[in-house]
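Asks: There's a structure below that I have some questions on.
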Amino acid sequence: MHPKSHRIKKLLVGLWFGWLSVAAFAQTAPPEEKGLWSPYRITPRVGAQHIDLSGEGWELSHRDQPVANNSELADRKDAFKISVPNSIHWAYYKAGKLPHPYYAKNSDQYKWVDEKAWYYRRTFPTPVNAAGNHVFLCFDGIDYFAKVWVNNTLVGSHEGMFGGPSVEISKLLKASGDNELVVEVRAGNWGNKATEIENLPRTSTGEYDMSKRKGFNPRASGKIIKPWVISGGSGCEMFFSVGMWQGVRLEIVPPYHLERPFLTTTSLSNGKASLHLSCEVLAETHSLNLQLHPWGNTQIHHYDGIVPGTSPANAALSVLIELVDKSGKVVITQEKPFKAFQGRTWLEEDLTVPNPKLWHPNGLGESYLYSMRVTLKKDRQVVDRLAFPVGIRTIERVATAGPRYADRWENWQFVVNGQKFFVKGMNFTPQDVLLDLPKERYRWTLEAAKRMGVQLIRIWGGGLLESDYLYEICNELGLMVWQDFPIGNQDTPLYPQPIWESQVVQNIVRLRNHPSLAVWCGGNEFNPYSHGNAATLGILERNLDVFDKSRLYVRTTPDDGSIHTYPDMDPAWYGVGYRYEPWISETGMHSMPEANLFYETVDNKEFVGLGKMWSKEFYQGHNEFIHHFTEYGPGRVPRMLSRASHIADITDPTIETITEASQVGAGEFYQVFSEKMQGNYPVTTGLMPWVFKRHWPVIAIQMMDWFGNAGAPYYFLKRTYEPTHIAVDLPRLLWKPGESITLATKITHSVPKAVPNARISLRIYDDSFKPLWQQERAANVAAGTSVSETKFGAYAIPADYRDRFLFVVAELRDAAGKLLSRSFYYPRSLSKLEEADFYQQYVSKPIPWPTLEKGPFLKPVVSKTGTTLALSVRSNEPLSAESSRIRVSVSNTGKTPAFMTKVDVLGTKRAIVASDNYTWLAPGETQEIELDVLWREPATRKNASLTVSAWNASATTAKLGQQ
């Protein structure tokens with residue numbers, strides 16, 4: 001063979017095997033279809049350069065099979081009008097074609113949705129400024145497989161739900177008139193549907209035998225890069241999302257243009273902020289013509305006879321940079337000529353901001369936002385503009401105070417703008433399992449998190465790379481974000497690497513300018529060191545190194561000194577067993593949402609036998625109830641019911657009794673472990689309980705249900721997240737008669753201002769609220785983050801005080817006598833602890849929380865000693881068409897503390913987030929309580945009434961009327 005022919009053959013063979021290596025990872029499109037996945041995101045423009053194609057004007061239809069050619073596009077079924085973004089499920093519900101997917105077992109009526117090929121269609125006029133410019137058609141999220149046609153021309157196919165495709169379509173547009181856009185969407189489980197869960201056999205314990213489930217496995221998703229919670233994962237087996245879940249836009253971009261700006265705060269010192277701006281300037285090309293790197297084996301950057309990057313662009317360019325404050329005043333402006341080469345050149349500029357206003361996390365100062373405007377001029381004429389929000393801040397981490405005892409050990413002490421503090425966090429799952437994600441839903445949830453005192457939310461790796469709405473609101477509210485990538489509980493050897501990388505890079509670039517973004521994380525509860533995840537994590541880490549060196553990064557959670565733990569024990573053990581843990585990434589306790597949720601979503605005839613949820617036969621006759629129970633299994637139920645059994649008799653409870661008792665039982669658990677971990681500062685420096693809000697109406701661990709109503713655990717944890725909090729450092733919650741309880745308080749403080757000359761009072765009451773013991777101490781609370789301990793000696797429980805509760809109440813007041821913080825507890829003196837074997841087990845190691853089958857039960861005990869309450873409405877302010885803020889005064893007009901005082905709205909469907917609830921109100925005390933109310937049923941809003949009650953006080957009602 002001729003040497004030249006041999007070289008050509010070798011080259012062709014190499015290209016063939018290089019193509020095969022990519023095909024092995026990707027579900028490659030047929031040769032005539034262009035794969036549209038790209039790492040390069042087209043940055044949204046401003047003004048006339050940006051056209052939003054989201055909203056109304058779309059049509060949805062379907063076929064049993066995807067079209068084989070363009071001529072089949074007209075052969076579609078059941079076309080109807082919709083808006084975008086949406087999922088197919090919600091489109092059918094909102095059009096009135098199917099019932100609510102979360103009510104009863106209506107999900108059964110949607111089982112066919114992921115079996116069809118779906119077609120989104122709309123028309124749009126050719127932009128008036130299209131001539132001579134690039135016109136990019138940009139999709140920000142399609143779940144999961146997609147094809148795109150413009151004016152009956154197939155542009156290509158796409159995979160992956162977290163960004164893209166983006167296509168340059170200027171040559172496909174009509175000179176005038178309307179253009180037709182058609183998008184085919186298929187679910188990620190196309191051709192691989194999982195066995196219906198209710199068709200699986202049950203094991204001897206009454207749980208579904210998941211080992212018998214065939215087809216798509218959310219925890220081993222193969223080539224599909226899709227979070228397991230929205231793909232039939234645990235607690236969501238009845239749903240598999242599909243649809244155009246994010247927006248669609250046109251970006252009109254000139255041949256000379258800007259791309260992907262990146263601003264970082266490099267330092268804060270001497271009243272100045274140093275910033276660095278990096279931005280790409282493209283000349284006579286665009287991003288979709290570029291390649292991040294070759295996939296086959298090659299030298300990446302070498303001399304081949306052509307000197308790269310030295311052909312100057314034939315244009316006089318300048319870049320104008322403006323930093324604008326909230327009032328619209330330009331505080332920094334500079335314009336400089338810019339020498340660009342043909343292709344792509346980076347602008348790198350340092351900026352100095354005198355007397356900057358800083359972005360602080362919630363509770364540590366104002367979350368100030370500037371705007372950055374970057375303008376490209378060609379021959380002194382403006383040709384391109386970009387704008388984005390700016391928060392000037394530094395976020396660092398240094399070593400915690402505790403010992404290091406593992407190879408992998410991160411620095412978990414957060415330092416923001418030079419200030420160390422304990423991070424009060426929460427885990428955050430998707431707002432909706434079927435991806436109905438309006439901005440208003442995010443705002444309601446995130447404002448509730450801010451009011452709770454949350455400073456950081458972790459976007460869980462079993463969920464989403466989140467919507468822009470989330471970050472925009474977090475920027476505003478001062479909520480730092482820990483963003484997991486969507487790898488959850490699995491190995492990923494089959495992830496298609498080009499598609500994974502395109503998702504990774506697009507989202508790094510999309511999110512990196514948000515000041516709220518604090519941490520990147522590989523994902524949730526997977527092994528980043530396994531063979532199956534080596535390539536996946538390698539792609540993530542190398543791109544973070546290229547595109548965002550400024551952020552903190554951890555490979556997974558739990559790892560590097562963070563822990564996930566879900567113990568069934570006395571929560572006081574957190575202060576012992578976890579005293580050397582620097583960071584708690586997940587922990588929590590199950591509870592049931594309020595009874596109203598079940599009355600609305602479950603057949604009320606099933607509210608029988610609820611005390612036997614642990615029975616392996618319980619599923620019989622409770623079809624809808626179990627349908628609304630995340631990860632239902634008889635083995636998971638006792639840890640929830642045992643907590644509830646200390647609150648009420650749950651032998652055969654009503655739905656109202658079991659829901660309230662489980663919430664208060666879980667609330668006590670959250671309160672104690674939060675106080676133990678915060679009181680362990682600076683060894684433990686952060687806490688992220690599981691989980692803030694649920695993604696559909698279910699029984700599960702939660703602060704807030706899917707409707708947006710905050711439950712008792714929200715308020716118990718909220719009180720511990722206040723800026724200055726007093727806690728009683730109880731050694732345990734269960735005692736035997738005659739024992740002495742060692743008493744001490746800890747004040748956790750997290751604000752710059754000190755509290756001098758404060759007073760601590762500690763009181764103990766019996767279960768009829770009779771005072772038994774009282775002491776006071778002086779306290780000086782230091783400025784900044786601090787923990788102050790005060791010892792109070794011991795209280796001896798009377799030897800005959802058996803199977804009864806004690807009430808322990810701590811209060812912190814300032815020098816003027818103003819109440820700054822109060823915490824209350826109800827330890828039990830139980831005859832069960834007089835059993836020597838049980839006592840020894842309980843005090844020597846964590847054991848499962850005992851069930852009290854015969855009591856004492858807290859609520860019936862409390863109700864025996866009554867008081868009276870008064871209620872007055874101070875104001876009722878509309879916040880939007882669907883929400884109001886109501887301010888009320890609640891007074892205890894009796895002589896006994898009001899226990900578990902709760903303000904509620906009755907007579908309509910609503911969700912409530914209050915400034916406090918399930919609280920202690922002393923005799924003669926008046927509290928001002930603020931309620932944000934979401935009116936879920938406008939037609940019955942006129943029937944709404946406001947009520948306040950306590951476990952030992954009858955309800956007092958005030959009519960709200962039409963608002």
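Every chain in the structure tokens takes a letter, A first, then B, and so on in the order presented; its residues are numbered from 1, and the ligands are numbered from 1 following the presented order.
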Can you pull out the residues contacting stretch 620-624 of chain A? Cut-off 12 Å, using only C-alpha atoms, and skip same-chain residues under 6 positions away; I want them as JSON, numbers by chain.
Replies: {"A": [102, 103, 104, 105, 106, 107, 108, 198, 202, 206, 598, 599, 600, 601, 602, 603, 604, 605, 606, 607, 608, 609, 610, 612, 613, 632, 697, 698, 699]}
Asks: My list of candidates is A:Phe526, A:Arg451, A:Tyr256, A:Ser467. Which is closest to A:Arg510 when distances are computed with only C-alpha atoms?
Replies: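 Of the candidates, the smallest distance to A:Arg510 is held by A:Ser467.
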Asks: Return the single residue from A:Glu284, A:Arg41, A:Pro85, A:Ser863 that is closest to A:Glu56, with distances computed using only C-alpha atoms.
Replies: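 When distances to A:Glu56 are compared using only C-alpha atoms, the smallest one comes from A:Pro85.
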Asks: Could you give me, as a PyMOL selection string, the residues within 6 Å of stretch 137-150 of chain A, counting only C-alpha atoms and dropping anything in the same chain fewer than 4 positions from it?
Replies: chain A and resi 154-167+180-188+242-250
Asks: How many Å separate atom CA of A:Ile300 from atom CA of A:Val253?
Replies: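 Interatomic distance here is 29.5 Å.
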Asks: Give me the residues within 8 Å of A:Ala796 as a ChimeraX atom specification, counting only C-alpha atoms and dropping any in the same chain fewer than 3 places off.
Replies: /A:738-741
Asks: What would the file look like if the residues just selected were written as a PDB file, in the first residue's frame with all heavy atoms?
Replies:
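Okay, out_32.pdb is ready:
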```pdb
ATOM      1  N   GLY A 738     -37.414  11.263  91.001  1.00  0.00           N
ATOM      2  CA  GLY A 738     -36.348  11.385  91.984  1.00  0.00           C
ATOM      3  C   GLY A 738     -35.014  11.801  91.415  1.00  0.00           C
ATOM      4  O   GLY A 738     -34.100  12.152  92.183  1.00  0.00           O
ATOM      5  N   GLU A 739     -34.828  11.792  90.091  1.00  0.00           N
ATOM      6  CA  GLU A 739     -33.555  12.218  89.492  1.00  0.00           C
ATOM      7  C   GLU A 739     -33.409  13.733  89.558  1.00  0.00           C
ATOM      8  O   GLU A 739     -34.397  14.467  89.638  1.00  0.00           O
ATOM      9  CB  GLU A 739     -33.479  11.780  88.036  1.00  0.00           C
ATOM     10  CG  GLU A 739     -33.072  10.351  87.822  1.00  0.00           C
ATOM     11  CD  GLU A 739     -32.656  10.104  86.369  1.00  0.00           C
ATOM     12  OE1 GLU A 739     -33.539  10.105  85.501  1.00  0.00           O
ATOM     13  OE2 GLU A 739     -31.449   9.922  86.139  1.00  0.00           O
ATOM     14  N   SER A 740     -32.169  14.170  89.460  1.00  0.00           N
ATOM     15  CA  SER A 740     -31.871  15.602  89.377  1.00  0.00           C
ATOM     16  C   SER A 740     -31.486  15.960  87.949  1.00  0.00           C
ATOM     17  O   SER A 740     -30.653  15.282  87.328  1.00  0.00           O
ATOM     18  CB  SER A 740     -30.733  15.972  90.324  1.00  0.00           C
ATOM     19  OG  SER A 740     -31.152  15.884  91.662  1.00  0.00           O
ATOM     20  N   ILE A 741     -32.114  17.032  87.436  1.00  0.00           N
ATOM     21  CA  ILE A 741     -31.821  17.515  86.088  1.00  0.00           C
ATOM     22  C   ILE A 741     -30.781  18.622  86.189  1.00  0.00           C
ATOM     23  O   ILE A 741     -31.012  19.658  86.833  1.00  0.00           O
ATOM     24  CB  ILE A 741     -33.087  18.076  85.409  1.00  0.00           C
ATOM     25  CG1 ILE A 741     -34.204  17.040  85.397  1.00  0.00           C
ATOM     26  CG2 ILE A 741     -32.764  18.543  84.002  1.00  0.00           C
ATOM     27  CD1 ILE A 741     -35.515  17.558  84.818  1.00  0.00           C
TER      28      ILE A 741
END
```
Asks: Have a look at A:Gly191, A:Gly577, A:Pro498, A:Pro571 and name the one nearest to A:Ile539; count only C-alpha atoms.
Replies: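 Using only C-alpha atoms, A:Ile539 sits closest to A:Pro498.
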Asks: Skipping near chain neighbours, those fewer than 3 positions away, what residues fall within 12 Å of A:Trp112 using only C-alpha atoms, listed as a list in words?
Replies: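 Residues meeting the cut-off are His62, Arg63, Asp64, Ile88, His89, Ser107, Asp108, Gln109, Glu115, Lys116, Ala117, Trp118, Ala187, Trp190, Lys193, Glu196, Met238, Phe239, Phe240, Ser241 and Val242 of chain A.
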Asks: Between A:Leu772, A:Ala315, A:Leu641, A:Val504, which one has atoms that come closest to A:Pro39, using only C-alpha atoms?
Replies: A:Val504
Asks: If we count only C-alpha atoms, what is near A:Met640 at a cut-off of 10 Å, once residues fewer than 3 positions away on the same chain are taken out, given as a ChimeraX atom specification?
Replies: /A:568,589-592,636-637,643-645,661-663,665-666,700-701,849,851
Asks: Store the residues of this selection in a file with N, CA and C atoms, as an mmCIF file, in the first residue's frame.
Replies:
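What landed in out-v4.cif:
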```
data_model
loop_
_atom_site.group_PDB
_atom_site.id
_atom_site.type_symbol
_atom_site.label_atom_id
_atom_site.label_comp_id
_atom_site.auth_asym_id
_atom_site.auth_seq_id
_atom_site.Cartn_x
_atom_site.Cartn_y
_atom_site.Cartn_z
ATOM 1 N N ASP A 568 -33.105 7.691 65.186
ATOM 2 C CA ASP A 568 -34.335 7.590 65.964
ATOM 3 C C ASP A 568 -33.909 7.490 67.421
ATOM 4 N N MET A 589 -36.813 14.606 60.803
ATOM 5 C CA MET A 589 -37.790 13.671 61.364
ATOM 6 C C MET A 589 -39.103 13.783 60.591
ATOM 7 N N HIS A 590 -39.719 12.624 60.297
ATOM 8 C CA HIS A 590 -40.998 12.596 59.579
ATOM 9 C C HIS A 590 -42.126 13.241 60.397
ATOM 10 N N SER A 591 -43.069 13.797 59.661
ATOM 11 C CA SER A 591 -44.332 14.238 60.256
ATOM 12 C C SER A 591 -45.372 14.300 59.148
ATOM 13 N N MET A 592 -46.610 14.524 59.534
ATOM 14 C CA MET A 592 -47.710 14.591 58.580
ATOM 15 C C MET A 592 -48.156 16.039 58.418
ATOM 16 N N ARG A 636 -40.789 2.278 58.340
ATOM 17 C CA ARG A 636 -40.455 3.699 58.464
ATOM 18 C C ARG A 636 -41.420 4.455 59.375
ATOM 19 N N VAL A 637 -42.567 3.861 59.633
ATOM 20 C CA VAL A 637 -43.615 4.587 60.338
ATOM 21 C C VAL A 637 -43.358 4.741 61.841
ATOM 22 N N ARG A 643 -42.887 9.486 68.278
ATOM 23 C CA ARG A 643 -42.852 10.901 68.706
ATOM 24 C C ARG A 643 -44.278 11.385 68.988
ATOM 25 N N ALA A 644 -45.190 11.048 68.083
ATOM 26 C CA ALA A 644 -46.575 11.487 68.249
ATOM 27 C C ALA A 644 -47.198 10.906 69.511
ATOM 28 N N SER A 645 -46.762 9.711 69.930
ATOM 29 C CA SER A 645 -47.377 9.053 71.084
ATOM 30 C C SER A 645 -47.084 9.767 72.398
ATOM 31 N N ALA A 661 -50.158 15.758 66.292
ATOM 32 C CA ALA A 661 -49.230 15.101 67.208
ATOM 33 C C ALA A 661 -47.909 14.776 66.524
ATOM 34 N N SER A 662 -47.959 14.328 65.274
ATOM 35 C CA SER A 662 -46.707 14.010 64.575
ATOM 36 C C SER A 662 -45.896 15.273 64.306
ATOM 37 N N GLN A 663 -46.576 16.387 64.002
ATOM 38 C CA GLN A 663 -45.856 17.639 63.757
ATOM 39 C C GLN A 663 -45.180 18.157 65.023
ATOM 40 N N GLY A 665 -44.408 16.408 67.692
ATOM 41 C CA GLY A 665 -43.346 15.476 68.040
ATOM 42 C C GLY A 665 -42.096 15.713 67.228
ATOM 43 N N ALA A 666 -42.253 15.941 65.933
ATOM 44 C CA ALA A 666 -41.098 16.249 65.090
ATOM 45 C C ALA A 666 -40.520 17.618 65.431
ATOM 46 N N ALA A 700 -44.212 13.185 54.846
ATOM 47 C CA ALA A 700 -42.765 13.101 54.676
ATOM 48 C C ALA A 700 -42.113 14.060 55.665
ATOM 49 N N ILE A 701 -40.800 14.086 55.668
ATOM 50 C CA ILE A 701 -40.075 15.097 56.430
ATOM 51 C C ILE A 701 -40.273 16.436 55.726
ATOM 52 N N TRP A 849 -36.630 5.816 70.030
ATOM 53 C CA TRP A 849 -37.499 6.592 70.909
ATOM 54 C C TRP A 849 -38.684 5.732 71.339
ATOM 55 N N THR A 851 -42.325 4.359 72.500
ATOM 56 C CA THR A 851 -43.738 4.683 72.314
ATOM 57 C C THR A 851 -44.441 4.657 73.665
#
```
Asks: Do a neighbour search on A:Glu396 at 9 Å with only C-alpha atoms, toss out local chain neighbours closer than 2 positions, and write the hits as a list in words.
Replies: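 My reading of the contact set: Thr394, Val398, Gln413, Phe414, Val415, Val416, Asn417, Gly418, Arg551 and Leu552 of chain A.
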Asks: Distance atom CA of A:Ala744-atom CA of A:Leu730, one decimal place?
Replies: 7.3 Å
Asks: Just asking: which residues within stretch 490-617 of chain A are helix (DSSP H, G or I) according to DSSP, as a ChimeraX atom specification?
Replies: /A:497-511,531-547,571-577,595-601,604-606,610-612
Asks: Please, could you write that set of residues out with C-alpha atoms as a PDB file, in the first residue's frame?
Replies:
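Done, and the output landed in result_10.pdb:
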```pdb
ATOM      1  CA  GLN A 497     -19.973  12.650  28.313  1.00  0.00           C
ATOM      2  CA  PRO A 498     -20.552  15.320  25.634  1.00  0.00           C
ATOM      3  CA  ILE A 499     -24.139  15.800  26.815  1.00  0.00           C
ATOM      4  CA  TRP A 500     -23.153  15.849  30.495  1.00  0.00           C
ATOM      5  CA  GLU A 501     -20.421  18.400  29.786  1.00  0.00           C
ATOM      6  CA  SER A 502     -22.790  20.626  27.839  1.00  0.00           C
ATOM      7  CA  GLN A 503     -25.191  20.631  30.810  1.00  0.00           C
ATOM      8  CA  VAL A 504     -22.382  21.266  33.292  1.00  0.00           C
ATOM      9  CA  VAL A 505     -20.777  24.173  31.424  1.00  0.00           C
ATOM     10  CA  GLN A 506     -24.050  25.868  30.480  1.00  0.00           C
ATOM     11  CA  ASN A 507     -25.135  25.918  34.112  1.00  0.00           C
ATOM     12  CA  ILE A 508     -21.822  27.048  35.541  1.00  0.00           C
ATOM     13  CA  VAL A 509     -21.916  29.996  33.149  1.00  0.00           C
ATOM     14  CA  ARG A 510     -25.629  30.620  33.728  1.00  0.00           C
ATOM     15  CA  LEU A 511     -25.338  30.802  37.505  1.00  0.00           C
ATOM     16  CA  HIS A 531     -14.966   3.856  38.897  1.00  0.00           C
ATOM     17  CA  GLY A 532     -18.472   4.554  37.642  1.00  0.00           C
ATOM     18  CA  ASN A 533     -18.323   8.228  38.642  1.00  0.00           C
ATOM     19  CA  ALA A 534     -14.699   9.028  37.798  1.00  0.00           C
ATOM     20  CA  ALA A 535     -15.382  10.446  34.331  1.00  0.00           C
ATOM     21  CA  THR A 536     -18.544  12.267  35.413  1.00  0.00           C
ATOM     22  CA  LEU A 537     -16.782  14.017  38.294  1.00  0.00           C
ATOM     23  CA  GLY A 538     -13.694  14.645  36.186  1.00  0.00           C
ATOM     24  CA  ILE A 539     -15.781  16.588  33.684  1.00  0.00           C
ATOM     25  CA  LEU A 540     -17.402  18.584  36.475  1.00  0.00           C
ATOM     26  CA  GLU A 541     -14.164  19.402  38.273  1.00  0.00           C
ATOM     27  CA  ARG A 542     -12.202  20.395  35.191  1.00  0.00           C
ATOM     28  CA  ASN A 543     -14.955  22.746  34.060  1.00  0.00           C
ATOM     29  CA  LEU A 544     -15.318  24.361  37.463  1.00  0.00           C
ATOM     30  CA  ASP A 545     -11.573  24.929  37.325  1.00  0.00           C
ATOM     31  CA  VAL A 546     -11.925  26.608  33.926  1.00  0.00           C
ATOM     32  CA  PHE A 547     -15.178  28.511  34.339  1.00  0.00           C
ATOM     33  CA  PRO A 571     -32.290  14.415  70.147  1.00  0.00           C
ATOM     34  CA  ALA A 572     -30.104  15.422  73.101  1.00  0.00           C
ATOM     35  CA  TRP A 573     -27.651  12.774  71.823  1.00  0.00           C
ATOM     36  CA  TYR A 574     -26.763  15.186  68.986  1.00  0.00           C
ATOM     37  CA  GLY A 575     -24.749  17.110  71.567  1.00  0.00           C
ATOM     38  CA  VAL A 576     -22.763  13.974  72.412  1.00  0.00           C
ATOM     39  CA  GLY A 577     -22.488  11.790  69.316  1.00  0.00           C
ATOM     40  CA  ALA A 595     -55.445  17.551  58.300  1.00  0.00           C
ATOM     41  CA  ASN A 596     -56.818  20.029  55.729  1.00  0.00           C
ATOM     42  CA  LEU A 597     -54.395  18.664  53.138  1.00  0.00           C
ATOM     43  CA  PHE A 598     -55.786  15.148  53.540  1.00  0.00           C
ATOM     44  CA  TYR A 599     -59.410  16.293  53.497  1.00  0.00           C
ATOM     45  CA  GLU A 600     -58.630  17.910  50.151  1.00  0.00           C
ATOM     46  CA  THR A 601     -56.558  15.169  48.514  1.00  0.00           C
ATOM     47  CA  ASN A 604     -62.060  10.792  53.774  1.00  0.00           C
ATOM     48  CA  LYS A 605     -63.373   7.250  54.256  1.00  0.00           C
ATOM     49  CA  GLU A 606     -59.764   6.147  54.660  1.00  0.00           C
ATOM     50  CA  LEU A 610     -54.507   5.468  61.496  1.00  0.00           C
ATOM     51  CA  GLY A 611     -52.809   4.294  64.672  1.00  0.00           C
ATOM     52  CA  LYS A 612     -51.810   1.108  62.867  1.00  0.00           C
TER      53      LYS A 612
END
```
